[in-house]
$ cat model_14.csv   # CSV, C-alpha atoms and all ligand atoms
chain,number,residue,atom,x,y,z
A,1,MET,CA,-48.7,68.6,52.9
A,2,LYS,CA,-48.5,67.4,49.3
A,3,LYS,CA,-51.8,66.8,47.5
A,4,SER,CA,-52.3,63.2,46.3
A,5,PRO,CA,-53.1,63.0,42.7
A,6,ARG,CA,-56.6,61.9,41.7
A,7,THR,CA,-56.3,58.4,40.3
A,8,ARG,CA,-58.5,57.2,37.4
A,9,SER,CA,-60.4,54.8,39.6
A,10,GLN,CA,-61.5,57.7,41.9
A,11,GLN,CA,-63.1,59.5,39.0
A,12,PRO,CA,-66.7,58.5,38.1
A,13,ASN,CA,-67.1,56.4,35.0
A,14,ARG,CA,-68.3,58.2,32.0
A,15,THR,CA,-71.0,57.4,29.5
A,16,VAL,CA,-69.8,56.6,26.0
A,17,SER,CA,-71.8,57.3,22.9
A,18,ILE,CA,-71.5,56.4,19.2
A,19,ILE,CA,-71.5,59.8,17.7
A,20,GLY,CA,-71.1,58.8,14.1
A,21,THR,CA,-71.1,55.7,11.8
A,22,GLY,CA,-69.8,55.0,8.3
A,23,SER,CA,-69.4,52.1,6.0
A,24,TYR,CA,-67.9,51.1,2.7
A,25,VAL,CA,-68.3,48.2,0.3
A,26,PRO,CA,-66.3,47.7,-2.9
A,27,GLU,CA,-67.9,48.4,-6.3
A,28,ARG,CA,-67.7,44.9,-7.8
A,29,VAL,CA,-70.9,42.8,-7.3
A,30,LEU,CA,-70.7,39.0,-7.4
A,31,THR,CA,-74.1,37.5,-7.8
A,32,ASN,CA,-75.3,34.0,-7.3
A,33,ALA,CA,-75.6,33.6,-11.1
A,34,ASP,CA,-71.9,34.6,-11.3
A,35,LEU,CA,-71.0,31.9,-8.7
A,36,GLU,CA,-72.9,29.2,-10.8
A,37,LYS,CA,-70.1,29.7,-13.3
A,38,ILE,CA,-67.4,29.2,-10.8
A,39,VAL,CA,-68.6,26.2,-8.6
A,40,GLU,CA,-71.3,23.6,-8.8
A,41,THR,CA,-74.1,25.6,-7.1
A,42,SER,CA,-77.3,27.4,-7.9
A,43,ASP,CA,-79.1,30.6,-7.1
A,44,ASP,CA,-81.9,28.6,-5.6
A,45,TRP,CA,-79.6,26.6,-3.2
A,46,ILE,CA,-77.8,29.7,-2.0
A,47,THR,CA,-81.0,31.8,-1.6
A,48,THR,CA,-83.0,29.1,0.2
A,49,ARG,CA,-80.1,28.0,2.5
A,50,THR,CA,-78.7,31.4,3.3
A,51,GLY,CA,-80.8,34.3,2.0
A,52,ILE,CA,-77.7,35.7,0.2
A,53,LYS,CA,-78.2,37.0,-3.4
A,54,ALA,CA,-75.0,39.0,-3.9
A,55,ARG,CA,-71.8,40.1,-2.3
A,56,ARG,CA,-69.1,42.7,-3.0
A,57,ILE,CA,-65.5,41.8,-3.9
A,58,ALA,CA,-62.6,44.1,-3.5
A,59,ALA,CA,-60.2,44.8,-6.3
A,60,LYS,CA,-56.8,43.2,-6.2
A,61,ASP,CA,-55.1,46.5,-5.2
A,62,GLU,CA,-57.9,47.4,-2.7
A,63,PHE,CA,-56.8,46.3,0.7
A,64,THR,CA,-58.6,46.0,4.1
A,65,SER,CA,-57.0,49.3,5.2
A,66,HIS,CA,-58.4,51.1,2.1
A,67,MET,CA,-61.9,49.9,2.8
A,68,ALA,CA,-61.5,50.7,6.6
A,69,ALA,CA,-60.3,54.2,5.9
A,70,ARG,CA,-63.2,55.0,3.6
A,71,ALA,CA,-65.7,53.8,6.2
A,72,ALA,CA,-63.8,55.8,8.9
A,73,GLN,CA,-63.9,59.0,6.8
A,74,ARG,CA,-67.7,58.6,6.5
A,75,ALA,CA,-68.1,58.1,10.2
A,76,MET,CA,-65.9,61.1,11.0
A,77,GLU,CA,-67.9,63.2,8.6
A,78,GLN,CA,-71.1,62.3,10.3
A,79,ALA,CA,-69.7,62.8,13.8
A,80,ASN,CA,-68.0,66.1,12.7
A,81,VAL,CA,-64.7,64.9,14.1
A,82,ALA,CA,-61.3,65.9,12.5
A,83,PRO,CA,-58.5,63.3,12.2
A,84,GLU,CA,-56.4,65.2,14.8
A,85,GLU,CA,-59.1,64.6,17.4
A,86,ILE,CA,-58.8,60.8,17.3
A,87,ASP,CA,-57.0,59.4,20.3
A,88,LEU,CA,-57.1,55.7,19.4
A,89,ILE,CA,-57.8,53.5,16.4
A,90,ILE,CA,-58.9,49.9,16.8
A,91,VAL,CA,-59.4,47.7,13.8
A,92,GLY,CA,-61.1,44.3,14.2
A,93,THR,CA,-60.0,42.1,11.3
A,94,ILE,CA,-58.7,38.6,10.4
A,95,THR,CA,-57.5,39.8,7.0
A,96,PRO,CA,-54.9,42.5,7.8
A,97,ASP,CA,-53.0,44.0,5.0
A,98,ASN,CA,-49.8,42.5,6.5
A,99,PHE,CA,-48.9,40.7,9.7
A,100,THR,CA,-47.2,43.9,10.7
A,101,PRO,CA,-47.7,46.9,10.7
A,102,ALA,CA,-51.3,46.7,12.1
A,103,THR,CA,-54.1,47.6,9.7
A,104,ALA,CA,-55.0,50.4,12.2
A,105,CYS,CA,-51.6,52.0,11.6
A,106,HIS,CA,-52.3,51.9,7.8
A,107,VAL,CA,-55.6,53.6,8.5
A,108,GLN,CA,-53.9,56.2,10.7
A,109,ARG,CA,-51.6,57.1,7.8
A,110,ILE,CA,-54.4,57.3,5.2
A,111,ILE,CA,-56.7,59.5,7.3
A,112,GLY,CA,-54.0,61.6,8.9
A,113,ALA,CA,-55.0,60.8,12.6
A,114,LYS,CA,-51.5,61.8,13.7
A,115,LYS,CA,-51.9,61.6,17.5
A,116,ALA,CA,-53.8,58.3,17.6
A,117,ALA,CA,-52.5,55.1,19.2
A,118,CYS,CA,-53.3,52.2,16.9
A,119,PHE,CA,-53.8,48.4,17.1
A,120,ASP,CA,-55.7,45.5,15.6
A,121,ILE,CA,-57.7,42.8,17.4
A,122,SER,CA,-58.4,39.3,16.2
A,123,ALA,CA,-61.9,38.1,17.1
A,124,ALA,CA,-63.2,37.2,13.6
A,125,CYS,CA,-66.8,38.3,13.0
A,126,SER,CA,-67.0,39.5,16.6
A,127,GLY,CA,-64.1,41.9,16.1
A,128,PHE,CA,-66.2,45.1,15.8
A,129,LEU,CA,-68.2,44.6,19.1
A,130,TYR,CA,-65.0,43.4,20.9
A,131,ALA,CA,-63.4,46.7,19.7
A,132,VAL,CA,-66.4,48.7,20.8
A,133,GLU,CA,-66.1,47.3,24.3
A,134,ILE,CA,-62.3,48.1,24.4
A,135,ALA,CA,-63.0,51.6,23.3
A,136,GLN,CA,-65.8,52.0,25.9
A,137,GLN,CA,-63.4,51.0,28.7
A,138,PHE,CA,-60.7,53.4,27.6
A,139,ILE,CA,-63.2,56.3,27.4
A,140,ALA,CA,-65.1,55.5,30.6
A,141,ASN,CA,-61.9,55.3,32.5
A,142,HIS,CA,-60.7,58.7,31.3
A,143,THR,CA,-57.8,57.5,29.2
A,144,TYR,CA,-59.1,58.7,25.9
A,145,ASN,CA,-61.9,60.9,24.7
A,146,THR,CA,-62.4,60.0,21.0
A,147,VAL,CA,-61.9,56.5,19.6
A,148,LEU,CA,-62.3,55.3,16.0
A,149,VAL,CA,-63.5,51.6,16.0
A,150,ILE,CA,-63.6,49.7,12.7
A,151,GLY,CA,-64.6,46.2,11.6
A,152,ALA,CA,-63.1,45.5,8.2
A,153,ASP,CA,-62.3,42.3,6.2
A,154,LYS,CA,-61.3,41.3,2.7
A,155,LEU,CA,-62.5,37.6,3.1
A,156,SER,CA,-62.2,37.1,-0.7
A,157,SER,CA,-58.4,37.0,-0.1
A,158,ILE,CA,-58.6,33.9,2.1
A,159,MET,CA,-61.4,32.1,0.1
A,160,ASP,CA,-60.9,28.7,-1.6
A,161,TRP,CA,-62.8,29.6,-4.8
A,162,GLN,CA,-63.3,25.9,-5.5
A,163,ASP,CA,-65.0,25.2,-2.2
A,164,ARG,CA,-68.7,25.7,-2.6
A,165,ASN,CA,-69.2,25.2,1.2
A,166,THR,CA,-67.6,28.6,1.9
A,167,CYS,CA,-67.1,30.7,-1.2
A,168,VAL,CA,-70.8,31.5,-1.7
A,169,LEU,CA,-71.2,32.9,1.8
A,170,PHE,CA,-68.7,35.7,2.2
A,171,GLY,CA,-68.0,39.2,0.9
A,172,ASP,CA,-65.7,42.2,1.5
A,173,GLY,CA,-66.4,45.5,3.3
A,174,ALA,CA,-65.8,47.8,6.2
A,175,GLY,CA,-67.9,49.6,8.9
A,176,ALA,CA,-66.8,52.2,11.4
A,177,ALA,CA,-68.0,54.1,14.4
A,178,ILE,CA,-66.7,57.1,16.4
A,179,LEU,CA,-67.1,56.7,20.1
A,180,ARG,CA,-66.8,59.6,22.5
A,181,TYR,CA,-67.7,60.7,26.0
A,182,ARG,CA,-71.0,62.6,25.9
A,183,ALA,CA,-72.7,64.1,29.0
A,184,GLY,CA,-76.0,62.4,29.9
A,185,SER,CA,-77.0,58.9,30.2
A,186,HIS,CA,-77.4,57.8,26.6
A,187,GLY,CA,-74.7,55.6,25.1
A,188,VAL,CA,-73.2,52.1,25.2
A,189,ILE,CA,-75.0,50.7,28.3
A,190,THR,CA,-73.4,47.3,28.4
A,191,THR,CA,-71.5,44.7,26.4
A,192,TYR,CA,-71.4,41.0,27.1
A,193,MET,CA,-68.4,39.1,25.5
A,194,GLY,CA,-67.7,35.4,25.5
A,195,SER,CA,-65.4,32.9,23.8
A,196,ASP,CA,-64.9,29.1,23.6
A,197,GLY,CA,-61.5,28.0,22.2
A,198,ASN,CA,-62.7,24.4,22.2
A,199,TYR,CA,-64.6,25.1,19.0
A,200,GLY,CA,-61.7,26.8,17.3
A,201,ASP,CA,-61.5,24.3,14.4
A,202,ILE,CA,-65.1,24.7,13.2
A,203,LEU,CA,-64.2,27.9,11.5
A,204,HIS,CA,-60.5,28.5,10.9
A,205,VAL,CA,-57.6,29.3,8.6
A,206,PRO,CA,-55.0,26.6,9.5
A,207,GLY,CA,-52.0,28.0,7.6
A,208,GLY,CA,-50.1,31.2,7.3
A,209,GLY,CA,-49.2,31.5,11.0
A,210,CYS,CA,-46.2,30.0,12.9
A,211,ALA,CA,-48.0,26.7,13.2
A,212,LEU,CA,-48.1,26.1,9.5
A,213,PRO,CA,-46.0,28.9,7.9
A,214,THR,CA,-46.7,29.8,4.2
A,215,THR,CA,-44.7,27.4,2.1
A,216,ALA,CA,-45.2,26.3,-1.5
A,217,GLU,CA,-46.5,22.9,-0.2
A,218,ASN,CA,-49.0,24.5,2.3
A,219,ALA,CA,-50.2,26.9,-0.3
A,220,SER,CA,-50.8,24.1,-2.8
A,221,GLU,CA,-52.9,22.3,-0.2
A,222,LYS,CA,-54.8,25.6,0.3
A,223,LEU,CA,-54.0,25.7,4.1
A,224,ASN,CA,-54.1,29.5,4.0
A,225,THR,CA,-57.9,29.5,3.1
A,226,LEU,CA,-60.9,29.5,5.4
A,227,LYS,CA,-62.2,26.0,6.4
A,228,MET,CA,-65.6,25.6,8.0
A,229,ASN,CA,-67.9,23.0,9.5
A,230,GLY,CA,-71.1,24.6,8.3
A,231,ARG,CA,-73.7,22.7,10.4
A,232,GLU,CA,-71.7,23.0,13.7
A,233,THR,CA,-71.1,26.7,13.0
A,234,PHE,CA,-74.8,27.2,12.4
A,235,LYS,CA,-75.7,25.5,15.7
A,236,GLN,CA,-73.1,27.4,17.7
A,237,ALA,CA,-74.1,30.7,16.1
A,238,VAL,CA,-77.7,30.3,17.2
A,239,LEU,CA,-76.7,29.1,20.8
A,240,SER,CA,-74.0,31.7,21.5
A,241,MET,CA,-75.8,34.7,20.0
A,242,GLY,CA,-78.9,33.7,22.1
A,243,VAL,CA,-76.7,33.6,25.2
A,244,ALA,CA,-74.9,36.9,24.5
A,245,ALA,CA,-78.1,38.8,23.7
A,246,THR,CA,-79.9,37.5,26.8
A,247,ARG,CA,-77.0,38.3,29.1
A,248,ALA,CA,-76.5,41.8,27.7
A,249,LEU,CA,-80.2,42.5,28.2
A,250,GLU,CA,-80.1,41.2,31.8
A,251,GLN,CA,-77.0,43.3,32.5
A,252,ALA,CA,-78.8,46.4,31.1
A,253,GLY,CA,-82.0,45.6,33.2
A,254,LEU,CA,-84.1,45.5,30.0
A,255,THR,CA,-86.2,43.0,28.1
A,256,ALA,CA,-86.6,42.3,24.4
A,257,ASP,CA,-89.8,44.3,24.4
A,258,ASP,CA,-87.7,47.5,25.2
A,259,LEU,CA,-85.7,47.2,22.0
A,260,THR,CA,-86.5,49.2,18.9
A,261,CYS,CA,-84.0,47.5,16.6
A,262,ILE,CA,-81.7,44.5,16.6
A,263,ILE,CA,-78.5,44.6,14.5
A,264,PRO,CA,-77.3,41.0,14.2
A,265,HIS,CA,-74.2,39.4,12.5
A,266,GLN,CA,-75.1,38.9,8.9
A,267,ALA,CA,-74.2,35.3,8.2
A,268,ASN,CA,-77.4,33.5,7.2
A,269,ILE,CA,-81.1,34.6,7.3
A,270,ARG,CA,-81.9,31.2,8.9
A,271,ILE,CA,-79.6,31.9,11.8
A,272,ILE,CA,-81.3,35.3,12.3
A,273,GLU,CA,-84.8,33.7,12.1
A,274,ALA,CA,-83.8,31.1,14.7
A,275,LEU,CA,-82.5,33.9,17.0
A,276,ALA,CA,-85.7,35.9,16.5
A,277,ASP,CA,-87.6,32.8,17.4
A,278,ARG,CA,-85.5,32.1,20.6
A,279,MET,CA,-85.8,35.7,21.7
A,280,LYS,CA,-89.5,36.0,20.8
A,281,ILE,CA,-88.8,39.2,18.8
A,282,PRO,CA,-90.6,39.8,15.5
A,283,LEU,CA,-88.2,39.4,12.5
A,284,GLU,CA,-89.1,42.9,11.3
A,285,LYS,CA,-87.2,44.4,14.2
A,286,PHE,CA,-83.9,42.9,12.9
A,287,HIS,CA,-81.9,44.9,10.4
A,288,VAL,CA,-80.9,42.5,7.5
A,289,ASN,CA,-78.6,43.3,4.6
A,290,LEU,CA,-76.9,39.9,4.0
A,291,ASP,CA,-79.0,39.5,0.8
A,292,ARG,CA,-76.9,42.3,-0.8
A,293,TYR,CA,-73.5,41.8,1.0
A,294,GLY,CA,-73.2,38.2,2.2
A,295,ASN,CA,-71.2,37.7,5.4
A,296,THR,CA,-68.5,40.4,5.6
A,297,SER,CA,-67.0,39.1,8.8
A,298,ALA,CA,-66.0,41.8,11.3
A,299,ALA,CA,-67.5,44.4,9.0
A,300,ALA,CA,-71.0,42.9,8.9
A,301,VAL,CA,-72.5,44.3,12.1
A,302,ALA,CA,-70.8,47.6,11.6
A,303,ILE,CA,-72.1,48.1,8.0
A,304,ALA,CA,-75.6,47.0,9.2
A,305,LEU,CA,-75.4,49.5,12.1
A,306,ASP,CA,-74.5,52.4,9.7
A,307,GLU,CA,-77.2,51.5,7.3
A,308,ALA,CA,-79.9,51.3,10.0
A,309,ASN,CA,-78.7,54.6,11.5
A,310,ARG,CA,-78.8,56.4,8.1
A,311,GLU,CA,-82.2,54.9,7.3
A,312,GLY,CA,-83.5,56.3,10.6
A,313,ARG,CA,-84.5,52.9,12.0
A,314,PHE,CA,-84.0,54.2,15.5
A,315,GLN,CA,-84.2,57.7,17.2
A,316,VAL,CA,-82.4,59.4,20.0
A,317,GLY,CA,-83.4,57.6,23.3
A,318,ASP,CA,-84.3,54.3,21.6
A,319,TYR,CA,-82.7,51.0,22.8
A,320,ILE,CA,-80.9,48.9,20.2
A,321,LEU,CA,-79.1,45.6,20.6
A,322,LEU,CA,-76.1,44.4,18.5
A,323,VAL,CA,-75.2,40.7,18.6
A,324,VAL,CA,-72.4,38.9,16.9
A,325,PHE,CA,-70.8,35.5,16.5
A,326,GLY,CA,-67.5,34.4,14.9
A,327,GLY,CA,-64.5,32.1,14.6
A,328,GLY,CA,-62.7,31.4,17.8
A,329,LEU,CA,-65.4,30.8,18.7
A,330,THR,CA,-66.2,34.3,19.9
A,331,TYR,CA,-69.5,36.1,20.6
A,332,ALA,CA,-70.7,39.4,22.0
A,333,SER,CA,-73.7,41.6,22.4
A,334,SER,CA,-74.1,45.3,23.2
A,335,VAL,CA,-77.1,47.2,24.4
A,336,ILE,CA,-77.0,50.9,23.3
A,337,GLN,CA,-79.4,53.7,24.1
A,338,TRP,CA,-79.1,55.9,21.0
P,401,LIG,O1,-69.6,34.1,10.6
P,401,LIG,C1,-69.9,32.8,10.7
P,401,LIG,C2,-69.6,32.1,9.4
P,401,LIG,N1,-70.3,30.9,9.0
P,401,LIG,C3,-71.6,30.7,9.1
P,401,LIG,O2,-72.4,31.4,9.7
P,401,LIG,C4,-72.1,29.4,8.5
P,401,LIG,C5,-73.2,28.7,9.3
P,401,LIG,N2,-73.7,27.6,8.5
P,401,LIG,C6,-74.6,27.8,7.5
P,401,LIG,O3,-74.9,28.9,7.2
P,401,LIG,C7,-75.1,26.5,6.8
P,401,LIG,O4,-74.7,25.4,7.5
P,401,LIG,C8,-74.6,26.4,5.3
P,401,LIG,C9,-75.3,27.5,4.5
P,401,LIG,C10,-73.1,26.6,5.3
P,401,LIG,C11,-75.0,25.1,4.8
P,401,LIG,O5,-76.4,24.9,4.9
P,401,LIG,P1,-77.0,23.5,5.5
P,401,LIG,O6,-78.4,23.6,5.4
P,401,LIG,O7,-76.4,23.3,6.8
P,401,LIG,O8,-76.4,22.5,4.4
P,401,LIG,P2,-75.5,21.2,4.7
P,401,LIG,O9,-74.2,21.5,5.3
P,401,LIG,O10,-76.4,20.2,5.5
P,401,LIG,O11,-75.3,20.6,3.2
P,401,LIG,C12,-76.3,20.1,2.5
P,401,LIG,C13,-75.8,19.7,1.1
P,401,LIG,C14,-74.5,19.0,1.1
P,401,LIG,O12,-74.6,17.9,0.1
P,401,LIG,P3,-74.8,16.4,0.6
P,401,LIG,O13,-73.5,16.1,1.4
P,401,LIG,O14,-76.0,16.4,1.4
P,401,LIG,O15,-74.9,15.7,-0.7
P,401,LIG,C15,-73.5,20.0,0.6
P,401,LIG,O16,-72.4,19.4,-0.1
P,401,LIG,O17,-75.6,20.9,0.3
P,401,LIG,C16,-74.3,20.8,-0.3
P,401,LIG,N3,-73.8,22.1,-0.5
P,401,LIG,C17,-74.1,22.9,-1.6
P,401,LIG,N4,-74.9,22.7,-2.7
P,401,LIG,C18,-75.0,23.6,-3.6
P,401,LIG,C19,-73.0,22.8,0.3
P,401,LIG,N5,-72.7,24.1,-0.3
P,401,LIG,C20,-73.4,24.1,-1.4
P,401,LIG,C21,-73.6,25.1,-2.4
P,401,LIG,N6,-74.4,24.8,-3.5
P,401,LIG,N7,-73.0,26.3,-2.4
$ encode --input "model_14.csv" --output "structure tokens" --more "lines below"
Ligand code: UT7
Amino acid sequence: MKKSPRTRSQQPNRTVSIIGTGSYVPERVLTNADLEKIVETSDDWITTRTGIKARRIAAKDEFTSHMAARAAQRAMEQANVAPEEIDLIIVGTITPDNFTPATACHVQRIIGAKKAACFDISAACSGFLYAVEIAQQFIANHTYNTVLVIGADKLSSIMDWQDRNTCVLFGDGAGAAILRYRAGSHGVITTYMGSDGNYGDILHVPGGGCALPTTAENASEKLNTLKMNGRETFKQAVLSMGVAATRALEQAGLTADDLTCIIPHQANIRIIEALADRMKIPLEKFHVNLDRYGNTSAAAVAIALDEANREGRFQVGDYILLVVFGGGLTYASSVIQW
């Protein structure tokens, strides 16, 4: 009698760990004082309303893929993983180098990850955690062993530099993580993801896609730049990150007291303060770097994770929580035992 093959679903799920992190921000620093010369704003307004003091801006010839590859190389170095070992590359971005090929394919070429399958995902600032969850599913289900996950954005390329409502908030950068099966129980315990397309227009780029293709007329009306309803975005950010964090903790069977460190999306210090208040967690447990980098979209939580990791803010066995929010609207939260 022929043996029946063992299907994936009959194999036990595997624990998936982050075995290395890396990040990259461009050299050029744009301070609030610099912005005072570009739009009608002030250091005082930006600092008190957002907590941002500076952001990094990529050079003209420095693309999302270049920043992503630099972050990836740092993560690979920390994880001691060679390019040929990577099975899959996922890049979360809303500022790809081109519509096609995917930015992940550009990264593959730059780092020499010859055997990897590559694709991008579009979930705005939530892209990194969405990609972590996709990677976790592929590894847990035995499809792949080693996945490179990247959040990278060059938001300066879709800014309206005359719109003070948006241009003071954002910066460029990339963050990366290597995920791999590791024996034992530590790893990505759970991720909760959510979306609400009804709020799509509170944070969006109307032009450049097939709805409003890039034409001279659309470009002159700046339809290919980011538009935002700031107050509504603020409200939805606090609500949805609160929901995502609470659900993720429930799924993990943990409470906020169990957490050593929280890595939130870096949009506005007042959003983080409101979240800390809702979750009744002291602000000191939140890793914050938005004062130096502003909001780097999909890169923000990944850069913050890498910084916190390298600073030793948590040790092996500690529980940490990542929580994000972005255009779509999209939101997600992961609980990880380091
Ligand atoms: O990844 C998610 C991305 N987006 C976000 O997370 C943004 C979430 N929203 C926010 O962070 C805040 O809503 C903002 C920082 C964008 C704005 O803060 P706010 O306290 O909600 O201010 P506001 O929208 O109520 O605006 C107050 C005033 C307005 O003037 P008027 O209409 O009251 O005369 C704005 O025109 O501040 C004005 N304003 C500025 N003034 C100086 C808006 N931007 C600026 C600026 N400098 N850069």
$ residues_near_ligand --input "model_14.csv" --ligand "ligand LIG 401 (chain P)" --cutoff "6 Å" --atoms "only C-alpha atoms and all ligand atoms" --output "list in words"
Thr41, Ser42, Trp45, Ile46, Arg49, Thr50, Cys125, Arg164, Asn165, Val168, Gly230, Arg231, Thr233, Phe234, Ala267, Asn268, Ser297 and Gly326 of chain A
$ closest_residue --input "model_14.csv" --among "A:Ile90, A:Ile52, A:Leu169, A:Ala298" --to "Ala123 in chain A" --atoms "all atoms listed in the file"
A:Ala298
$ residues_around --input "model_14.csv" --residues "Asp318 in chain A" --least-positions-apart "2" --cutoff "8 Å" --atoms "all atoms listed in the file" --output "mmCIF file with C-alpha atoms, in the coordinates of the input"
data_model
loop_
_atom_site.group_PDB
_atom_site.id
_atom_site.type_symbol
_atom_site.label_atom_id
_atom_site.label_comp_id
_atom_site.auth_asym_id
_atom_site.auth_seq_id
_atom_site.Cartn_x
_atom_site.Cartn_y
_atom_site.Cartn_z
ATOM 1 C CA LEU A 259 -85.700 47.200 22.000
ATOM 2 C CA THR A 260 -86.500 49.200 18.900
ATOM 3 C CA PHE A 314 -84.000 54.200 15.500
ATOM 4 C CA GLN A 315 -84.200 57.700 17.200
ATOM 5 C CA VAL A 316 -82.400 59.400 20.000
ATOM 6 C CA ILE A 320 -80.900 48.900 20.200
ATOM 7 C CA GLN A 337 -79.400 53.700 24.100
ATOM 8 C CA TRP A 338 -79.100 55.900 21.000
#
$ closest_residue --input "model_14.csv" --among "A:Pro101, A:Gln136, A:Lys227, A:Val147" --to "Ala117 in chain A" --atoms "only C-alpha atoms"
A:Val147
$ closest_residue --input "model_14.csv" --among "A:Ala102, A:Leu283, A:Val29, A:Leu223" --to "Ile57 in chain A" --atoms "only C-alpha atoms"
A:Val29
$ residues_around --input "model_14.csv" --residues "Ser126 in chain A" --least-positions-apart "2" --cutoff "10 Å" --atoms "only C-alpha atoms" --output "ChimeraX atom specification"
/A:92-93,121-124,128-131,151,193-195,265,297-301,323-333
$ closest_residue --input "model_14.csv" --among "A:Ile281, A:Leu322, A:Ala58, A:Ala183" --to "Asp258 in chain A" --atoms "only C-alpha atoms"
A:Ile281
$ closest_residue --input "model_14.csv" --among "A:Ala116, A:Gln162, A:Gly312, A:Ala274" --to "Lys37 in chain A" --atoms "all atoms listed in the file"
A:Gln162
